$ cat data-v7.cif   # mmCIF, C-alpha atoms and all ligand atoms
data_start
loop_
_atom_site.group_PDB
_atom_site.id
_atom_site.type_symbol
_atom_site.label_atom_id
_atom_site.label_comp_id
_atom_site.auth_asym_id
_atom_site.auth_seq_id
_atom_site.Cartn_x
_atom_site.Cartn_y
_atom_site.Cartn_z
ATOM 1 C CA MET A 16 16.056 13.623 -26.993
ATOM 2 C CA THR A 17 18.991 15.460 -25.622
ATOM 3 C CA GLY A 18 22.567 14.889 -26.729
ATOM 4 C CA VAL A 19 21.479 14.854 -30.315
ATOM 5 C CA ALA A 20 22.636 17.486 -32.756
ATOM 6 C CA LYS A 21 19.165 17.721 -34.227
ATOM 7 C CA GLN A 22 18.288 20.885 -35.930
ATOM 8 C CA GLY A 23 16.756 23.180 -33.398
ATOM 9 C CA CYS A 24 17.432 21.013 -30.371
ATOM 10 C CA ARG A 25 19.303 22.986 -27.731
ATOM 11 C CA PRO A 26 22.243 20.964 -26.416
ATOM 12 C CA GLY A 27 22.130 21.058 -22.638
ATOM 13 C CA CYS A 28 18.372 21.636 -22.516
ATOM 14 C CA GLY A 29 17.191 18.216 -21.389
ATOM 15 C CA ALA A 30 13.611 19.328 -20.760
ATOM 16 C CA CYS A 31 12.296 16.276 -22.629
ATOM 17 C CA CYS A 32 14.278 14.053 -20.212
ATOM 18 C CA ILE A 33 12.593 15.640 -17.181
ATOM 19 C CA ALA A 34 9.049 16.795 -17.947
ATOM 20 C CA PRO A 35 7.461 13.743 -19.599
ATOM 21 C CA SER A 36 6.749 10.389 -18.027
ATOM 22 C CA ILE A 37 8.517 7.451 -19.691
ATOM 23 C CA SER A 38 6.884 4.070 -19.353
ATOM 24 C CA SER A 39 9.669 1.955 -20.824
ATOM 25 C CA PRO A 40 12.553 0.768 -18.642
ATOM 26 C CA ILE A 41 15.608 3.002 -18.475
ATOM 27 C CA PRO A 42 18.888 1.622 -17.120
ATOM 28 C CA GLY A 43 18.782 2.631 -13.444
ATOM 29 C CA MET A 44 15.023 3.245 -13.623
ATOM 30 C CA PRO A 45 13.537 -0.181 -14.408
ATOM 31 C CA ASP A 46 9.939 1.055 -14.227
ATOM 32 C CA GLY A 47 10.574 4.106 -16.339
ATOM 33 C CA LYS A 48 10.103 7.518 -14.812
ATOM 34 C CA PRO A 49 7.219 9.695 -13.659
ATOM 35 C CA ALA A 50 6.543 13.095 -15.177
ATOM 36 C CA GLY A 51 8.674 15.896 -13.778
ATOM 37 C CA VAL A 52 11.425 13.582 -12.522
ATOM 38 C CA ARG A 53 14.950 13.870 -13.899
ATOM 39 C CA CYS A 54 16.076 10.788 -15.797
ATOM 40 C CA VAL A 55 19.030 9.189 -13.984
ATOM 41 C CA GLN A 56 20.855 9.048 -17.307
ATOM 42 C CA LEU A 57 20.763 12.803 -17.704
ATOM 43 C CA THR A 58 24.144 14.307 -16.842
ATOM 44 C CA ASP A 59 24.683 17.532 -14.909
ATOM 45 C CA ASP A 60 25.186 19.150 -18.306
ATOM 46 C CA ASN A 61 21.749 17.866 -19.356
ATOM 47 C CA LEU A 62 23.110 15.444 -21.905
ATOM 48 C CA CYS A 63 22.111 11.808 -22.247
ATOM 49 C CA ARG A 64 24.641 9.263 -20.959
ATOM 50 C CA LEU A 65 23.078 6.668 -23.235
ATOM 51 C CA PHE A 66 23.370 8.557 -26.471
ATOM 52 C CA GLY A 67 24.331 6.009 -29.126
ATOM 53 C CA ASP A 68 23.861 3.163 -26.639
ATOM 54 C CA PRO A 69 21.391 0.394 -27.534
ATOM 55 C CA ALA A 70 20.119 0.520 -23.934
ATOM 56 C CA ARG A 71 18.662 3.946 -24.610
ATOM 57 C CA PRO A 72 14.855 3.619 -24.654
ATOM 58 C CA ALA A 73 13.302 3.623 -28.123
ATOM 59 C CA VAL A 74 10.950 6.385 -27.061
ATOM 60 C CA CYS A 75 13.977 8.658 -26.565
ATOM 61 C CA GLU A 76 15.191 7.902 -30.071
ATOM 62 C CA ARG A 77 11.804 8.795 -31.450
ATOM 63 C CA PHE A 78 11.393 12.109 -29.666
ATOM 64 C CA ASP A 79 12.245 14.818 -32.127
ATOM 65 C CA TYR A 80 12.778 18.493 -31.703
ATOM 66 C CA ASP A 81 9.375 20.070 -32.063
ATOM 67 C CA ARG A 82 9.098 23.834 -31.995
ATOM 68 C CA GLU A 83 5.612 23.572 -30.505
ATOM 69 C CA LEU A 84 6.944 21.651 -27.527
ATOM 70 C CA CYS A 85 10.491 22.891 -27.222
ATOM 71 C CA GLY A 86 9.550 26.572 -27.283
ATOM 72 C CA ASP A 87 12.243 29.219 -27.203
ATOM 73 C CA HIS A 88 14.092 28.128 -24.115
ATOM 74 C CA ARG A 89 14.364 25.366 -21.569
ATOM 75 C CA GLU A 90 11.826 26.683 -19.045
ATOM 76 C CA GLN A 91 9.277 27.059 -21.802
ATOM 77 C CA ALA A 92 9.897 23.484 -22.914
ATOM 78 C CA LEU A 93 9.483 22.220 -19.344
ATOM 79 C CA THR A 94 6.130 24.006 -19.067
ATOM 80 C CA LEU A 95 4.889 23.005 -22.516
ATOM 81 C CA ILE A 96 5.819 19.348 -22.139
ATOM 82 C CA ALA A 97 4.364 19.241 -18.621
ATOM 83 C CA SER A 98 1.054 20.649 -19.850
ATOM 84 C CA LEU A 99 0.929 18.105 -22.651
ATOM 85 C CA GLU A 100 1.606 15.407 -20.087
ATOM 86 C CA THR A 101 -1.316 16.565 -17.951
ATOM 87 C CA ALA A 102 -3.581 16.742 -20.986
ATOM 88 C CA SER A 103 -2.694 13.246 -22.191
ATOM 89 C CA SER A 104 -2.998 11.580 -18.779
ATOM 90 C CA THR A 105 -6.597 12.663 -18.205
HETATM 91 S S1 LIG B 201 13.061 19.695 -25.022
HETATM 92 FE FE1 LIG B 201 13.465 20.046 -27.184
HETATM 93 S S2 LIG B 201 15.205 21.448 -27.234
HETATM 94 FE FE2 LIG B 201 15.116 20.521 -25.196
HETATM 95 S S3 LIG B 201 16.486 18.727 -25.320
HETATM 96 FE FE3 LIG B 201 14.403 18.034 -25.769
HETATM 97 S S4 LIG B 201 14.257 18.110 -28.015
HETATM 98 FE FE4 LIG B 201 16.000 19.368 -27.415
HETATM 99 S S1 LIG B 202 17.608 7.901 -21.465
HETATM 100 FE FE1 LIG B 202 18.652 9.720 -22.208
HETATM 101 S S2 LIG B 202 17.330 10.608 -23.767
HETATM 102 FE FE2 LIG B 202 16.112 9.156 -22.552
HETATM 103 S S3 LIG B 202 15.144 10.380 -20.956
HETATM 104 FE FE3 LIG B 202 17.028 9.573 -20.112
HETATM 105 S S4 LIG B 202 18.577 11.150 -20.483
HETATM 106 FE FE4 LIG B 202 16.829 11.562 -21.816
#

$ encode --input "data-v7.cif" --output "structure tokens"
Amino acid sequence: MTGVAKQGCRPGCGACCIAPSISSPIPGMPDGKPAGVRCVQLTDDNLCRLFGDPARPAVCERFDYDRELCGDHREQALTLIASLETASST
């Protein structure tokens, strides 16, 4: 997720730390987070405070930049990830 210099990932985007639900515990959010809620570890600059920290959830490590989901800009990513979330929770 964010804070990673992955090819294509927009530093300071952070959409994948807001739009999806995360079921694994996050430091400060022991039950994970619901969809559409900002992760407490996301800084004001939309970077991950836990980048490189073993406490960072494995699911965050696994999330890769994906053009289909990340779109062309942050708002598009928020919408695309939110719609995927709705589709997968039904
Ligand atoms: S939504 Fe995509 S572009 Fe935005 S931070 Fe996550 S991986 Fe990077
Ligand atoms: S722990 Fe970091 S990478 Fe994972 S959702 Fe929170 S801010 Fe994003």

$ resolve_selection --input "data-v7.cif" --expression "the PyMOL selection byres (((not hetatm)) within 10 of (chain B and resi 202))" --output "count of residues only"
45

$ resolve_selection --input "data-v7.cif" --expression "the PyMOL selection byres (((chain A and resi 98-104) around 12) and not hetatm)" --output "PDB file with C-alpha atoms, keeping the file's coordinate frame"
ATOM      1  CA  CYS A  31      12.296  16.276 -22.629  1.00  0.00           C
ATOM      2  CA  ILE A  33      12.593  15.640 -17.181  1.00  0.00           C
ATOM      3  CA  ALA A  34       9.049  16.795 -17.947  1.00  0.00           C
ATOM      4  CA  PRO A  35       7.461  13.743 -19.599  1.00  0.00           C
ATOM      5  CA  SER A  36       6.749  10.389 -18.027  1.00  0.00           C
ATOM      6  CA  ILE A  37       8.517   7.451 -19.691  1.00  0.00           C
ATOM      7  CA  PRO A  49       7.219   9.695 -13.659  1.00  0.00           C
ATOM      8  CA  ALA A  50       6.543  13.095 -15.177  1.00  0.00           C
ATOM      9  CA  GLY A  51       8.674  15.896 -13.778  1.00  0.00           C
ATOM     10  CA  GLU A  83       5.612  23.572 -30.505  1.00  0.00           C
ATOM     11  CA  LEU A  84       6.944  21.651 -27.527  1.00  0.00           C
ATOM     12  CA  CYS A  85      10.491  22.891 -27.222  1.00  0.00           C
ATOM     13  CA  GLN A  91       9.277  27.059 -21.802  1.00  0.00           C
ATOM     14  CA  ALA A  92       9.897  23.484 -22.914  1.00  0.00           C
ATOM     15  CA  LEU A  93       9.483  22.220 -19.344  1.00  0.00           C
ATOM     16  CA  THR A  94       6.130  24.006 -19.067  1.00  0.00           C
ATOM     17  CA  LEU A  95       4.889  23.005 -22.516  1.00  0.00           C
ATOM     18  CA  ILE A  96       5.819  19.348 -22.139  1.00  0.00           C
ATOM     19  CA  ALA A  97       4.364  19.241 -18.621  1.00  0.00           C
ATOM     20  CA  THR A 105      -6.597  12.663 -18.205  1.00  0.00           C
TER      21      THR A 105
END

$ axis_aligned_box --input "data-v7.cif" --around "ligand LIG 201 (chain B)" --padding-each-side "3 Å" --output "JSON"
{"center_x": 14.8, "center_y": 19.7, "center_z": -26.5, "size_x": 9.4, "size_y": 9.4, "size_z": 9.0}

$ closest_residue --input "data-v7.cif" --among "A:Pro45, A:Asp60, A:Cys28, A:Arg82" --to "ligand LIG 201 (chain B)" --atoms "only C-alpha atoms and all ligand atoms"
A:Cys28

$ atom_distance --input "data-v7.cif" --atom1 "atom S2 of ligand LIG 201 (chain B)" --atom2 "atom CA of A:Pro69"
21.9 Å

$ atom_distance --input "data-v7.cif" --atom1 "atom FE4 of ligand LIG 201 (chain B)" --atom2 "atom CA of A:Tyr80"
5.4 Å

$ atom_distance --input "data-v7.cif" --atom1 "atom CA of A:Asp46" --atom2 "atom FE4 of ligand LIG 201 (chain B)"
23.4 Å

$ decode --input "data-v7.cif" --residues "stretch 20-103 of chain A" --atoms "C-alpha atoms" --output "mmCIF file, in the first residue's frame"
data_model
loop_
_atom_site.group_PDB
_atom_site.id
_atom_site.type_symbol
_atom_site.label_atom_id
_atom_site.label_comp_id
_atom_site.auth_asym_id
_atom_site.auth_seq_id
_atom_site.Cartn_x
_atom_site.Cartn_y
_atom_site.Cartn_z
ATOM 1 C CA ALA A 20 7.917 3.286 -4.238
ATOM 2 C CA LYS A 21 6.168 0.686 -6.346
ATOM 3 C CA GLN A 22 6.009 1.325 -9.986
ATOM 4 C CA GLY A 23 2.850 3.207 -10.698
ATOM 5 C CA CYS A 24 1.849 3.768 -7.093
ATOM 6 C CA ARG A 25 1.259 7.456 -6.448
ATOM 7 C CA PRO A 26 3.021 8.531 -3.255
ATOM 8 C CA GLY A 27 0.549 10.465 -1.148
ATOM 9 C CA CYS A 28 -2.479 8.736 -2.670
ATOM 10 C CA GLY A 29 -3.474 6.456 0.188
ATOM 11 C CA ALA A 30 -6.779 5.430 -1.382
ATOM 12 C CA CYS A 31 -6.060 1.770 -0.595
ATOM 13 C CA CYS A 32 -5.679 2.733 3.099
ATOM 14 C CA ILE A 33 -9.141 4.331 3.163
ATOM 15 C CA ALA A 34 -11.552 2.638 0.754
ATOM 16 C CA PRO A 35 -11.176 -1.068 1.585
ATOM 17 C CA SER A 36 -12.105 -2.808 4.799
ATOM 18 C CA ILE A 37 -9.198 -4.520 6.573
ATOM 19 C CA SER A 38 -10.046 -7.439 8.802
ATOM 20 C CA SER A 39 -6.636 -7.942 10.386
ATOM 21 C CA PRO A 40 -5.608 -5.922 13.444
ATOM 22 C CA ILE A 41 -3.795 -2.657 12.811
ATOM 23 C CA PRO A 42 -1.914 -0.956 15.651
ATOM 24 C CA GLY A 43 -4.481 1.513 17.014
ATOM 25 C CA MET A 44 -7.327 -0.348 15.288
ATOM 26 C CA PRO A 45 -7.351 -3.789 16.938
ATOM 27 C CA ASP A 46 -10.411 -4.976 15.006
ATOM 28 C CA GLY A 47 -9.147 -3.749 11.679
ATOM 29 C CA LYS A 48 -11.070 -1.061 9.869
ATOM 30 C CA PRO A 49 -14.367 -0.739 8.023
ATOM 31 C CA ALA A 50 -14.531 0.261 4.376
ATOM 32 C CA GLY A 51 -14.293 3.989 3.753
ATOM 33 C CA VAL A 52 -12.584 4.740 7.072
ATOM 34 C CA ARG A 53 -9.099 6.242 7.139
ATOM 35 C CA CYS A 54 -6.506 3.950 8.686
ATOM 36 C CA VAL A 55 -5.121 5.559 11.858
ATOM 37 C CA GLN A 56 -1.627 4.812 10.582
ATOM 38 C CA LEU A 57 -2.116 6.949 7.506
ATOM 39 C CA THR A 58 -0.361 10.293 7.927
ATOM 40 C CA ASP A 59 -1.740 13.651 6.808
ATOM 41 C CA ASP A 60 0.485 13.228 3.761
ATOM 42 C CA ASN A 61 -1.232 9.895 3.047
ATOM 43 C CA LEU A 62 1.829 7.826 3.791
ATOM 44 C CA CYS A 63 1.935 4.758 6.008
ATOM 45 C CA ARG A 64 3.497 5.250 9.452
ATOM 46 C CA LEU A 65 4.202 1.530 9.582
ATOM 47 C CA PHE A 66 6.117 1.241 6.362
ATOM 48 C CA GLY A 67 8.966 -1.194 7.014
ATOM 49 C CA ASP A 68 7.555 -2.002 10.458
ATOM 50 C CA PRO A 69 6.738 -5.646 11.248
ATOM 51 C CA ALA A 70 3.492 -4.449 12.868
ATOM 52 C CA ARG A 71 2.202 -3.449 9.454
ATOM 53 C CA PRO A 72 -0.597 -5.867 8.497
ATOM 54 C CA ALA A 73 0.402 -8.538 5.984
ATOM 55 C CA VAL A 74 -2.539 -7.583 3.810
ATOM 56 C CA CYS A 75 -0.960 -4.140 3.331
ATOM 57 C CA GLU A 76 2.295 -5.724 2.219
ATOM 58 C CA ARG A 77 0.434 -7.809 -0.302
ATOM 59 C CA PHE A 78 -1.586 -5.017 -1.869
ATOM 60 C CA ASP A 79 0.121 -4.063 -5.078
ATOM 61 C CA TYR A 80 -0.394 -1.197 -7.420
ATOM 62 C CA ASP A 81 -3.029 -2.331 -9.864
ATOM 63 C CA ARG A 82 -3.951 -0.056 -12.730
ATOM 64 C CA GLU A 83 -7.481 -1.462 -12.739
ATOM 65 C CA LEU A 84 -7.999 -0.392 -9.144
ATOM 66 C CA CYS A 85 -5.723 2.593 -8.800
ATOM 67 C CA GLY A 86 -7.053 4.367 -11.885
ATOM 68 C CA ASP A 87 -5.533 7.643 -12.991
ATOM 69 C CA HIS A 88 -5.875 9.595 -9.795
ATOM 70 C CA ARG A 89 -6.775 9.297 -6.149
ATOM 71 C CA GLU A 90 -10.517 9.973 -6.443
ATOM 72 C CA GLN A 91 -10.786 7.334 -9.126
ATOM 73 C CA ALA A 92 -8.982 4.841 -6.906
ATOM 74 C CA LEU A 93 -11.311 5.629 -3.996
ATOM 75 C CA THR A 94 -14.344 4.983 -6.208
ATOM 76 C CA LEU A 95 -12.943 1.861 -7.860
ATOM 77 C CA ILE A 96 -11.823 0.258 -4.611
ATOM 78 C CA ALA A 97 -15.114 1.159 -2.920
ATOM 79 C CA SER A 98 -17.103 -0.476 -5.717
ATOM 80 C CA LEU A 99 -14.987 -3.607 -5.488
ATOM 81 C CA GLU A 100 -15.603 -3.623 -1.756
ATOM 82 C CA THR A 101 -19.364 -3.467 -2.276
ATOM 83 C CA ALA A 102 -19.208 -6.213 -4.884
ATOM 84 C CA SER A 103 -17.157 -8.550 -2.695
#
